[in-house]
>>> print(open('protein-v6.tsv').read())   # TSV, C-alpha atoms
chain	number	residue	atom	x	y	z
A	58	MET	CA	-5.12	-6.09	-31.91
A	59	PRO	CA	-5.11	-7.23	-28.28
A	60	SER	CA	-5.28	-10.99	-27.98
A	61	VAL	CA	-8.49	-10.95	-25.99
A	62	LEU	CA	-10.26	-9.14	-28.83
A	63	ALA	CA	-8.78	-11.43	-31.44
A	64	ASP	CA	-10.01	-14.45	-29.53
A	65	ALA	CA	-13.46	-12.95	-29.14
A	66	LEU	CA	-13.69	-12.23	-32.87
A	67	ALA	CA	-12.52	-15.75	-33.64
A	68	HIS	CA	-15.25	-17.15	-31.34
A	69	ARG	CA	-12.69	-18.92	-29.17
A	70	PRO	CA	-13.11	-17.35	-25.72
A	71	LEU	CA	-13.38	-20.57	-23.77
A	72	ARG	CA	-9.79	-21.66	-24.31
A	73	ILE	CA	-7.98	-18.41	-23.54
A	74	ALA	CA	-10.28	-16.42	-21.29
A	75	PRO	CA	-10.04	-18.81	-18.30
A	76	ALA	CA	-6.22	-18.72	-18.41
A	77	ARG	CA	-6.28	-14.92	-18.61
A	78	ALA	CA	-8.69	-14.72	-15.67
A	79	THR	CA	-6.54	-17.14	-13.67
A	80	SER	CA	-3.43	-15.03	-14.31
A	81	PHE	CA	-5.31	-11.89	-13.30
A	82	VAL	CA	-6.40	-13.50	-10.03
A	83	LEU	CA	-2.89	-14.83	-9.38
A	84	ASN	CA	-1.28	-11.40	-9.79
A	85	ALA	CA	-3.95	-9.79	-7.63
A	86	SER	CA	-3.36	-12.46	-4.96
A	87	ILE	CA	0.38	-11.74	-5.09
A	88	LEU	CA	-0.25	-8.07	-4.29
A	89	VAL	CA	-2.58	-9.09	-1.46
A	90	ALA	CA	0.02	-11.49	-0.03
A	91	LEU	CA	2.85	-8.95	-0.32
A	92	LEU	CA	0.91	-6.31	1.60
A	93	ALA	CA	-0.36	-8.87	4.10
A	94	ALA	CA	3.25	-9.75	4.85
A	95	SER	CA	4.12	-6.06	5.16
A	96	SER	CA	1.46	-5.45	7.84
A	97	ALA	CA	1.74	-8.79	9.67
A	98	PRO	CA	4.36	-7.43	12.14
A	99	THR	CA	2.01	-4.64	13.34
A	100	PRO	CA	0.20	-6.76	15.98
A	101	LEU	CA	3.55	-8.28	16.92
A	102	TYR	CA	5.31	-4.99	17.72
A	103	PRO	CA	4.02	-4.96	21.35
A	104	LEU	CA	5.39	-8.51	21.77
A	105	TYR	CA	8.74	-7.44	20.37
A	106	GLN	CA	8.74	-4.39	22.65
A	107	ASP	CA	8.09	-6.55	25.71
A	108	GLN	CA	10.63	-9.23	24.76
A	109	TRP	CA	13.43	-6.97	23.56
A	110	HIS	CA	12.57	-3.71	25.42
A	111	LEU	CA	12.22	-1.71	22.22
A	112	SER	CA	11.40	2.01	22.32
A	113	ALA	CA	8.80	3.70	20.11
A	114	LEU	CA	11.67	5.03	17.97
A	115	ALA	CA	13.08	1.52	17.53
A	116	VAL	CA	9.67	0.26	16.38
A	117	THR	CA	9.34	3.01	13.76
A	118	VAL	CA	12.92	2.36	12.59
A	119	VAL	CA	12.08	-1.33	12.06
A	120	PHE	CA	8.89	-0.32	10.26
A	121	SER	CA	10.63	2.28	8.11
A	122	ALA	CA	13.58	0.04	7.24
A	123	TYR	CA	11.10	-2.03	5.27
A	124	ALA	CA	9.55	0.99	3.58
A	125	LEU	CA	12.87	2.60	2.65
A	126	ALA	CA	14.24	-0.69	1.27
A	127	LEU	CA	11.07	-1.00	-0.76
A	128	LEU	CA	11.64	2.52	-2.09
A	129	LEU	CA	15.19	1.64	-3.13
A	130	ALA	CA	13.88	-1.41	-4.96
A	131	LEU	CA	11.20	0.63	-6.69
A	132	LEU	CA	13.76	3.20	-7.79
A	133	THR	CA	16.10	0.57	-9.23
A	134	THR	CA	13.87	-2.31	-10.33
A	135	GLY	CA	10.60	-0.47	-10.86
A	136	ALA	CA	10.92	-0.51	-14.64
A	137	LEU	CA	12.78	-3.82	-14.89
A	138	SER	CA	9.72	-5.86	-15.83
A	139	ASP	CA	9.08	-3.46	-18.73
A	140	HIS	CA	12.33	-4.83	-20.21
A	141	LEU	CA	12.71	-8.43	-18.96
A	142	GLY	CA	9.02	-9.29	-18.72
A	143	ARG	CA	6.75	-9.62	-15.71
A	144	ARG	CA	7.29	-13.32	-15.05
A	145	PRO	CA	11.07	-13.48	-14.35
A	146	VAL	CA	10.94	-10.40	-12.10
A	147	LEU	CA	7.98	-11.80	-10.15
A	148	LEU	CA	9.60	-15.21	-9.79
A	149	GLY	CA	12.83	-13.85	-8.35
A	150	ALA	CA	11.02	-11.42	-6.05
A	151	LEU	CA	8.68	-14.07	-4.66
A	152	ILE	CA	11.59	-16.39	-3.85
A	153	ALA	CA	13.34	-13.51	-2.05
A	154	GLU	CA	10.10	-12.68	-0.24
A	155	ALA	CA	9.81	-16.26	1.02
A	156	GLY	CA	13.42	-16.04	2.26
A	157	SER	CA	12.65	-12.81	4.12
A	158	MET	CA	9.78	-14.57	5.92
A	159	VAL	CA	12.21	-17.22	7.16
A	160	LEU	CA	14.53	-14.47	8.38
A	161	LEU	CA	11.66	-12.77	10.21
A	162	ALA	CA	10.68	-16.06	11.85
A	163	SER	CA	14.22	-16.54	13.14
A	164	ALA	CA	14.81	-12.92	14.28
A	165	ASP	CA	16.09	-12.66	17.86
A	166	GLY	CA	16.49	-8.91	18.30
A	167	ALA	CA	15.98	-5.48	16.78
A	168	GLY	CA	19.02	-5.83	14.51
A	169	SER	CA	18.01	-9.13	12.91
A	170	LEU	CA	14.39	-7.97	12.68
A	171	THR	CA	15.48	-4.82	10.85
A	172	ALA	CA	17.71	-6.80	8.47
A	173	ALA	CA	14.86	-9.18	7.67
A	174	ARG	CA	12.55	-6.25	6.98
A	175	VAL	CA	15.14	-4.76	4.61
A	176	VAL	CA	15.22	-7.99	2.58
A	177	GLN	CA	11.42	-8.05	2.62
A	178	GLY	CA	11.26	-4.44	1.43
A	179	VAL	CA	13.58	-5.10	-1.50
A	180	ALA	CA	11.58	-8.16	-2.57
A	181	THR	CA	8.24	-6.38	-2.18
A	182	GLY	CA	9.42	-3.37	-4.17
A	183	ALA	CA	10.59	-5.56	-7.05
A	184	ALA	CA	7.36	-7.56	-7.09
A	185	THR	CA	4.88	-4.70	-6.61
A	186	GLY	CA	5.62	-2.89	-9.86
A	187	ALA	CA	5.71	-6.12	-11.88
A	188	ALA	CA	2.47	-7.53	-10.47
A	189	GLY	CA	0.65	-4.21	-10.76
A	190	ALA	CA	1.80	-3.77	-14.36
A	191	ALA	CA	0.76	-7.36	-15.16
A	192	LEU	CA	-2.76	-6.53	-13.97
A	193	LEU	CA	-2.82	-3.57	-16.36
A	194	ASP	CA	-1.54	-5.81	-19.18
A	195	MET	CA	-4.53	-8.08	-18.66
A	196	GLU	CA	-7.16	-5.34	-18.63
A	197	ASP	CA	-10.27	-6.61	-20.41
A	198	PRO	CA	-11.59	-3.97	-22.87
A	199	ARG	CA	-15.07	-5.27	-22.14
A	200	ARG	CA	-14.59	-4.53	-18.40
A	201	PRO	CA	-12.59	-1.27	-18.26
A	202	GLY	CA	-11.42	-0.15	-14.86
A	203	ARG	CA	-11.00	-3.60	-13.36
A	204	ALA	CA	-7.19	-3.34	-13.33
A	205	ALA	CA	-7.29	0.08	-11.68
A	206	LEU	CA	-9.67	-1.27	-9.03
A	207	ALA	CA	-7.43	-4.29	-8.41
A	208	ASN	CA	-4.30	-2.13	-8.12
A	209	THR	CA	-6.06	0.04	-5.54
A	210	ILE	CA	-7.98	-2.49	-3.48
A	211	THR	CA	-5.40	-5.27	-3.22
A	212	PRO	CA	-2.87	-3.29	-1.10
A	213	VAL	CA	-5.41	-2.23	1.52
A	214	ALA	CA	-7.14	-5.62	1.48
A	215	GLY	CA	-3.76	-7.28	1.94
A	216	MET	CA	-2.82	-5.01	4.84
A	217	ALA	CA	-6.14	-5.78	6.53
A	218	ALA	CA	-5.71	-9.52	6.00
A	219	GLY	CA	-2.16	-9.47	7.36
A	220	VAL	CA	-3.10	-7.65	10.54
A	221	LEU	CA	-6.16	-9.84	11.14
A	222	ALA	CA	-4.25	-13.10	10.56
A	223	ALA	CA	-1.34	-12.06	12.79
A	224	THR	CA	-3.71	-10.89	15.55
A	225	LEU	CA	-5.58	-14.19	15.52
A	226	LEU	CA	-2.34	-16.16	15.54
A	227	VAL	CA	-1.11	-14.19	18.56
A	228	HIS	CA	-4.03	-15.61	20.52
A	229	PHE	CA	-4.57	-19.04	19.04
A	230	ALA	CA	-1.27	-20.29	17.58
A	231	PRO	CA	1.91	-21.43	19.28
A	232	ALA	CA	4.91	-19.14	18.78
A	233	PRO	CA	2.98	-16.38	16.92
A	234	THR	CA	6.16	-14.51	15.97
A	235	VAL	CA	7.22	-17.62	14.03
A	236	THR	CA	4.00	-19.21	12.80
A	237	VAL	CA	2.67	-16.27	10.80
A	238	TYR	CA	5.91	-15.88	8.84
A	239	LEU	CA	6.26	-19.57	8.04
A	240	LEU	CA	2.71	-19.64	6.71
A	241	LEU	CA	3.45	-16.62	4.53
A	242	ALA	CA	6.71	-18.21	3.31
A	243	ALA	CA	4.77	-21.28	2.17
A	244	LEU	CA	2.27	-19.04	0.37
A	245	PHE	CA	5.01	-17.16	-1.50
A	246	VAL	CA	6.65	-20.42	-2.60
A	247	ALA	CA	3.29	-21.65	-3.91
A	248	GLN	CA	2.76	-18.39	-5.79
A	249	ALA	CA	6.26	-18.56	-7.30
A	250	ILE	CA	5.48	-22.05	-8.61
A	251	ALA	CA	2.17	-20.81	-10.04
A	252	VAL	CA	3.90	-17.89	-11.81
A	253	THR	CA	6.09	-20.33	-13.78
A	254	PHE	CA	2.93	-21.69	-15.43
A	255	THR	CA	1.52	-18.31	-16.51
A	256	ALA	CA	1.95	-16.67	-19.88
A	257	GLU	CA	4.18	-13.61	-20.24
A	258	THR	CA	2.19	-10.40	-20.76
A	259	ALA	CA	4.98	-7.94	-21.64
A	260	HIS	CA	7.29	-7.90	-24.64
A	261	ARG	CA	11.00	-8.00	-23.86
A	262	ARG	CA	12.92	-4.93	-24.98
A	263	PRO	CA	16.51	-3.75	-24.56
A	264	GLY	CA	17.75	-1.46	-21.82
A	265	ALA	CA	17.29	-3.67	-18.73
A	266	LEU	CA	20.67	-2.74	-17.18
A	267	ARG	CA	20.16	0.94	-17.93
A	268	SER	CA	16.75	0.79	-16.25
A	269	LEU	CA	18.42	-0.19	-12.93
A	270	ARG	CA	19.85	3.30	-12.52
A	271	PRO	CA	17.86	5.00	-9.73
A	272	ARG	CA	15.46	7.45	-11.30
A	273	LEU	CA	11.85	8.52	-11.27
A	274	SER	CA	10.15	8.21	-14.63
A	275	LEU	CA	6.91	10.06	-15.23
A	276	PRO	CA	5.38	10.99	-18.58
A	277	PRO	CA	4.02	14.58	-18.61
A	278	THR	CA	0.39	13.43	-18.43
A	279	VAL	CA	1.08	11.25	-15.39
A	280	ARG	CA	3.11	14.05	-13.79
A	281	ARG	CA	0.13	16.38	-14.05
A	282	ALA	CA	-2.19	13.81	-12.48
A	283	LEU	CA	0.20	13.13	-9.61
A	284	SER	CA	0.86	16.82	-8.97
A	285	THR	CA	-2.89	17.32	-8.61
A	286	ALA	CA	-3.48	14.51	-6.11
A	287	GLY	CA	0.03	14.09	-4.70
A	288	THR	CA	-0.44	16.13	-1.50
A	289	GLY	CA	-3.52	14.11	-0.66
A	290	VAL	CA	-1.58	10.89	-1.22
A	291	VAL	CA	1.09	12.14	1.19
A	292	ALA	CA	-1.54	12.94	3.84
A	293	VAL	CA	-3.36	9.61	3.79
A	294	TRP	CA	-0.27	7.41	3.48
A	295	ALA	CA	1.31	9.30	6.38
A	296	LEU	CA	-1.78	8.42	8.43
A	297	GLY	CA	-1.39	4.81	7.37
A	298	GLY	CA	2.23	4.81	8.49
A	299	PHE	CA	1.29	6.24	11.88
A	300	TYR	CA	-1.40	3.65	12.59
A	301	SER	CA	0.75	0.81	11.28
A	302	SER	CA	3.76	1.59	13.46
A	303	LEU	CA	2.49	3.58	16.47
A	304	GLY	CA	-1.20	2.65	16.44
A	305	PRO	CA	-0.74	-0.23	18.93
A	306	GLY	CA	1.18	2.09	21.26
A	307	LEU	CA	-1.57	4.71	21.01
A	308	VAL	CA	-4.18	2.13	21.99
A	309	ARG	CA	-2.07	1.11	25.00
A	310	LEU	CA	-1.68	4.77	25.99
A	311	VAL	CA	-5.42	5.49	25.77
A	312	ALA	CA	-6.60	2.20	27.28
A	313	PRO	CA	-3.80	0.44	29.22
A	314	ASP	CA	-6.11	-2.39	30.27
A	315	ALA	CA	-7.38	-3.14	26.76
A	316	PRO	CA	-6.65	-6.68	25.51
A	317	GLN	CA	-3.62	-7.34	23.35
A	318	ALA	CA	-5.81	-7.87	20.29
A	319	ALA	CA	-7.16	-4.31	20.52
A	320	ARG	CA	-3.69	-2.93	19.83
A	321	GLY	CA	-3.14	-4.68	16.53
A	322	MET	CA	-6.74	-4.38	15.36
A	323	VAL	CA	-6.61	-0.58	15.20
A	324	PHE	CA	-4.64	-0.80	11.94
A	325	PHE	CA	-6.99	-3.54	10.73
A	326	THR	CA	-9.83	-1.06	11.24
A	327	LEU	CA	-8.08	1.50	9.03
A	328	SER	CA	-7.16	-0.92	6.24
A	329	ALA	CA	-10.53	-2.71	6.23
A	330	ALA	CA	-12.35	0.64	6.00
A	331	ALA	CA	-10.02	1.62	3.16
A	332	ALA	CA	-10.74	-1.58	1.23
A	333	LEU	CA	-14.50	-1.16	1.61
A	334	THR	CA	-14.24	2.46	0.49
A	335	VAL	CA	-12.29	1.55	-2.63
A	336	ARG	CA	-14.95	-1.00	-3.51
A	337	ALA	CA	-17.87	1.33	-2.80
A	338	LEU	CA	-16.47	4.29	-4.79
A	339	ARG	CA	-15.19	2.35	-7.79
A	340	ARG	CA	-17.71	4.04	-10.13
A	341	THR	CA	-17.40	7.55	-8.66
A	342	ALA	CA	-15.45	10.14	-10.64
A	343	PRO	CA	-11.79	9.97	-9.51
A	344	LEU	CA	-11.44	13.70	-8.85
A	345	ALA	CA	-14.58	13.74	-6.70
A	346	THR	CA	-13.37	10.61	-4.90
A	347	ALA	CA	-10.03	12.21	-4.03
A	348	ILE	CA	-11.72	15.41	-2.84
A	349	GLY	CA	-14.09	13.43	-0.60
A	350	GLY	CA	-11.17	11.52	0.88
A	351	CYS	CA	-9.26	14.70	1.71
A	352	LEU	CA	-12.37	16.13	3.38
A	353	ALA	CA	-12.37	13.12	5.73
A	354	VAL	CA	-8.80	13.65	6.99
A	355	PRO	CA	-9.31	16.62	9.41
A	356	PRO	CA	-12.28	15.00	11.23
A	357	ALA	CA	-10.35	11.71	11.38
A	358	ALA	CA	-7.43	13.52	13.03
A	359	ALA	CA	-9.76	15.34	15.42
A	360	LEU	CA	-11.57	12.15	16.40
A	361	THR	CA	-8.30	10.37	17.10
A	362	LEU	CA	-7.09	13.23	19.28
A	363	SER	CA	-10.35	13.21	21.23
A	364	GLY	CA	-9.40	9.72	22.34
A	365	LEU	CA	-6.50	11.30	24.24
A	366	HIS	CA	-8.84	13.78	25.90
A	367	GLY	CA	-11.39	11.53	27.54
A	368	ALA	CA	-13.27	9.97	24.61
A	369	GLY	CA	-11.20	6.80	24.97
A	370	LEU	CA	-10.79	3.79	22.74
A	371	PRO	CA	-14.03	4.20	20.70
A	372	ALA	CA	-12.75	7.57	19.46
A	373	VAL	CA	-9.37	6.10	18.50
A	374	TYR	CA	-11.07	3.34	16.56
A	375	GLY	CA	-13.52	5.81	15.02
A	376	GLY	CA	-10.62	7.99	13.95
A	377	ALA	CA	-8.88	4.96	12.43
A	378	ALA	CA	-12.04	4.02	10.50
A	379	LEU	CA	-12.44	7.56	9.17
A	380	ALA	CA	-8.73	7.68	8.29
A	381	GLY	CA	-9.27	4.42	6.39
A	382	ILE	CA	-12.13	5.95	4.43
A	383	ALA	CA	-9.85	8.87	3.55
A	384	PHE	CA	-7.02	6.48	2.64
A	385	GLY	CA	-9.22	4.41	0.36
A	386	ALA	CA	-10.87	7.37	-1.37
A	387	VAL	CA	-7.69	9.38	-2.01
A	388	SER	CA	-5.66	6.33	-3.07
A	389	GLN	CA	-8.33	5.17	-5.48
A	390	GLY	CA	-8.91	8.62	-6.92
A	391	ALA	CA	-5.19	9.25	-7.41
A	392	MET	CA	-4.56	5.80	-8.90
A	393	ARG	CA	-7.39	6.17	-11.40
A	394	LEU	CA	-6.20	9.64	-12.41
A	395	ILE	CA	-2.73	8.23	-13.05
A	396	LEU	CA	-3.80	5.06	-14.83
A	397	ALA	CA	-6.09	7.02	-17.15
A	398	SER	CA	-3.03	8.75	-18.60
A	399	LEU	CA	-0.61	5.79	-18.75
A	400	ASP	CA	1.04	4.54	-21.91
A	401	GLU	CA	1.72	0.80	-22.18
A	402	LYS	CA	5.51	1.11	-22.23
A	403	ASP	CA	5.55	3.20	-19.05
A	404	ARG	CA	3.27	1.09	-16.87
A	405	ALA	CA	5.72	-0.44	-14.40
A	406	ALA	CA	7.90	2.69	-14.16
A	407	SER	CA	4.95	5.01	-13.53
A	408	LEU	CA	3.42	2.71	-10.93
A	409	ALA	CA	6.81	2.49	-9.22
A	410	THR	CA	7.00	6.29	-9.02
A	411	TYR	CA	3.54	6.43	-7.45
A	412	TYR	CA	4.58	3.87	-4.84
A	413	VAL	CA	7.82	5.75	-4.15
A	414	LEU	CA	5.78	8.80	-3.17
A	415	SER	CA	3.38	6.64	-1.16
A	416	TYR	CA	5.99	4.77	0.86
A	417	LEU	CA	8.12	7.86	1.48
A	418	SER	CA	4.98	9.42	2.90
A	419	MET	CA	4.37	6.33	5.01
A	420	SER	CA	7.87	5.87	6.38
A	421	LEU	CA	9.63	9.20	6.95
A	422	PRO	CA	6.83	10.86	8.96
A	423	ALA	CA	6.49	7.66	11.03
A	424	VAL	CA	10.20	7.80	11.96
A	425	ALA	CA	9.82	11.48	12.86
A	426	ALA	CA	6.81	10.59	15.02
A	427	GLY	CA	8.77	7.81	16.72
A	428	ALA	CA	11.61	10.20	17.53
A	429	ALA	CA	9.14	12.80	18.80
A	430	ALA	CA	7.37	10.16	20.90
A	431	GLN	CA	10.64	9.14	22.52
A	432	ARG	CA	11.59	12.74	23.31
A	433	PHE	CA	8.22	14.35	24.11
A	434	GLY	CA	5.85	11.44	24.64
A	435	LEU	CA	3.45	9.63	22.32
A	436	GLY	CA	0.55	11.95	23.19
A	437	THR	CA	2.44	15.06	22.06
A	438	ALA	CA	3.71	13.32	18.94
A	439	THR	CA	0.17	12.24	18.04
A	440	HIS	CA	-1.10	15.83	18.34
A	441	ALA	CA	1.64	17.13	16.03
A	442	TYR	CA	1.15	14.31	13.53
A	443	ALA	CA	-2.61	14.82	13.36
A	444	LEU	CA	-2.21	18.56	12.81
A	445	VAL	CA	0.28	18.11	9.95
A	446	ALA	CA	-1.90	15.47	8.26
A	447	ALA	CA	-4.92	17.79	8.46
A	448	LEU	CA	-2.96	20.71	6.99
A	449	LEU	CA	-1.71	18.52	4.13
A	450	ALA	CA	-5.27	17.45	3.40
A	451	VAL	CA	-6.41	21.09	3.27
A	452	ALA	CA	-3.58	21.90	0.84
A	453	ALA	CA	-4.59	18.89	-1.28
A	454	LEU	CA	-8.19	20.10	-1.33
A	455	ALA	CA	-7.06	23.43	-2.77
A	456	ALA	CA	-5.10	21.70	-5.55
A	457	LEU	CA	-7.92	19.28	-6.35
A	458	ALA	CA	-10.54	22.05	-6.37
A	459	ALA	CA	-8.39	24.12	-8.72
A	460	SER	CA	-8.04	21.14	-11.05
A	461	ARG	CA	-11.80	20.59	-10.97
A	462	ARG	CA	-12.45	24.23	-11.88
A	463	ALA	CA	-9.91	24.03	-14.71
A	464	ALA	CA	-11.60	20.89	-16.06
A	465	ALA	CA	-15.02	22.55	-15.94
A	466	ARG	CA	-13.88	25.82	-17.56
A	467	PRO	CA	-13.65	24.56	-21.19
A	468	ALA	CA	-17.21	23.26	-20.96
A	469	ASP	CA	-18.41	26.58	-19.60
A	470	ASP	CA	-16.57	28.47	-22.37
A	471	HIS	CA	-18.13	26.20	-24.95
A	472	LEU	CA	-21.63	26.92	-23.62
A	473	ARG	CA	-20.99	30.62	-23.87
>>> encode(input="protein-v6.tsv", output="C-alpha cells")
Amino acid sequence: MPSVLADALAHRPLRIAPARATSFVLNASILVALLAASSAPTPLYPLYQDQWHLSALAVTVVFSAYALALLLALLTTGALSDHLGRRPVLLGALIAEAGSMVLLASADGAGSLTAARVVQGVATGAATGAAGAALLDMEDPRRPGRAALANTITPVAGMAAGVLAATLLVHFAPAPTVTVYLLLAALFVAQAIAVTFTAETAHRRPGALRSLRPRLSLPPTVRRALSTAGTGVVAVWALGGFYSSLGPGLVRLVAPDAPQAARGMVFFTLSAAAALTVRALRRTAPLATAIGGCLAVPPAAALTLSGLHGAGLPAVYGGAALAGIAFGAVSQGAMRLILASLDEKDRAASLATYYVLSYLSMSLPAVAAGAAAQRFGLGTATHAYALVAALLAVAALAALAASRRAAARPADDHLR
C-alpha cells in the first residue's frame, strides 16, 4: 500500500504529508530552475553576437550544443535513477549544473560558451528524468493528475522565468552575461543542499551500469501513445527551438529600431503562453488538447510570416503567443497520454525517451534554420521553417483524428 494511504488510514497525515508536499515542491522547483537556466542565454544572444561577431549559424550551434548534450545524457542516464534512486542522481546533476553556470559566467568566446552549454546539457539531462520521475513517485491518489500537470507546466514556466529574468538583468544589472549565471549557480547549490534532506522515493535495484548503455526504452503502451502524438510534439518543439535561438534575430529583422528587450521577450511570450495554456487545459481530455494544439500551429506560422510582409512586430509577437498555445496544448496532451500508460519501474526511462524526441525536435531543425539563414537570409529560412512546422501539424492532426475515431469505435459497436 502506498505510504500516503497508509498514513491516511492510520490518521497520521500531519507528520508525513507536509514533508511529502515539500519534496514535491522542491522537485518541481528543480525542473523550473533547470529550464530557466536553459533559456536564460536567449536574451543574451544579441549581446554575444555584438561582442564576438557571431553569425546566426553560430548562435544555433551554441543553442543546439546544449540540446544535443542533454539528449546524450538522457540516452545514457535517463533510467539511472530507476536503479540508484532519485536523490543521488539529482544531487550529482545539480552540482554539475552549478558548475556549468560558473563556466557560462566566465565564457569569453563562442568556443567556451559552447563548452559550457555542453556541460549544462549533460547536467540538465541527468536531472530532468530523475526530478520528473520523483514527481510521479509522489503522486497523491487523492489528487490524481497533479504530477502530470507539474511535469508539463514546469518546463515552460521555467523557460519563461529564465528569459524574463535574463532580460531584466540585461537592463538593470551590471555585467548581465555574468550576473544571471551566478544567481542561478547559487540557486542550484541551495537546491542540492535541500535534496540531501529529502526522503528517497524509488527503491534501489540492480542494473545501474547496464542502464548507462545508450538506448530508448518504451513499453508498448507508451509507444502507442507517443506514436499517436509524436508528430505534433515534433512540430511544437521545433517552433520552440526556432523562437529560442533565432527569435531575437527575427525581431531585429522585422523591427531594427525595437529596444533590446523586445528581442529576448519574444521567446518569453511563447513560453508564458504555453504555461498558461497547460494550466487552463489541465482538465480537458488529452487527445482533444493535443488536437487543439495542432490546429493552432498553421495560423501561428502564418501570423509570424505576416510580420515579414508588413504586419510588423505585433504579428511576430502574436505568432509567438499562438505558437505558445500550441506548444502548451500539444505538450500537455502528449504527456498525459504517456503518463496514463506508465508502469512504476519504467517512469524515468519513459520520460527520458519523451524528452529525447522533444529536444531532437528543438535542436536539429534550429541548426538547419541557422545554416539556411546564413546562406539564404533569415527571412527565407523563416518561411521554410514555418511551412515545415505547419505540414507536421497537419500530419499530426491526421494521426490524432484516426486515434480518436479508433477510441470511439468500440463504444459505437457496443451501442449497435
>>> residues_around(input="protein-v6.tsv", residues="Val413 of chain A", least_positions_apart="5", cutoff="10 Å", atoms="only C-alpha atoms", output="ChimeraX atom specification")
/A:124-125,127-132,135,182,273,407-408,418-419
>>> atom_distance(input="protein-v6.tsv", atom1="atom CA of Ala331 of chain A", atom2="atom CA of Ala383 of chain A")
7.3 Å
>>> atom_distance(input="protein-v6.tsv", atom1="atom CA of Thr171 of chain A", atom2="atom CA of Val116 of chain A")
9.5 Å
>>> residues_around(input="protein-v6.tsv", residues="segment 156-170 of chain A", least_positions_apart="5", cutoff="8 Å", atoms="all atoms listed in the file", output="tab-separated table (two decimals) with C-alpha atoms, in the coordinates of the input")
chain	number	residue	atom	x	y	z
A	109	TRP	CA	13.43	-6.97	23.56
A	111	LEU	CA	12.22	-1.71	22.22
A	115	ALA	CA	13.08	1.52	17.53
A	119	VAL	CA	12.08	-1.33	12.06
A	176	VAL	CA	15.22	-7.99	2.58
A	177	GLN	CA	11.42	-8.05	2.62
A	234	THR	CA	6.16	-14.51	15.97
A	235	VAL	CA	7.22	-17.62	14.03
A	236	THR	CA	4.00	-19.21	12.80
A	238	TYR	CA	5.91	-15.88	8.84
A	239	LEU	CA	6.26	-19.57	8.04
A	241	LEU	CA	3.45	-16.62	4.53
A	242	ALA	CA	6.71	-18.21	3.31
>>> axis_aligned_box(input="protein-v6.tsv", around="segment 414-428 of chain A", padding_each_side="4 Å", output="AutoDock Vina command-line options")
--center_x 7.5 --center_y 8.1 --center_z 7.2 --size_x 16.2 --size_y 14.7 --size_z 28.7
>>> atom_distance(input="protein-v6.tsv", atom1="atom CA of Ser363 of chain A", atom2="atom CA of Gly376 of chain A")
9.0 Å
>>> closest_residue(input="protein-v6.tsv", among="A:Ala222, A:Ala318, A:Ala409, A:Val227", to="Ser138 of chain A", atoms="all atoms listed in the file")
A:Ala409
>>> closest_residue(input="protein-v6.tsv", among="A:Leu91, A:Leu370, A:Ala359, A:Ala256", to="Thr185 of chain A", atoms="all atoms listed in the file")
A:Leu91
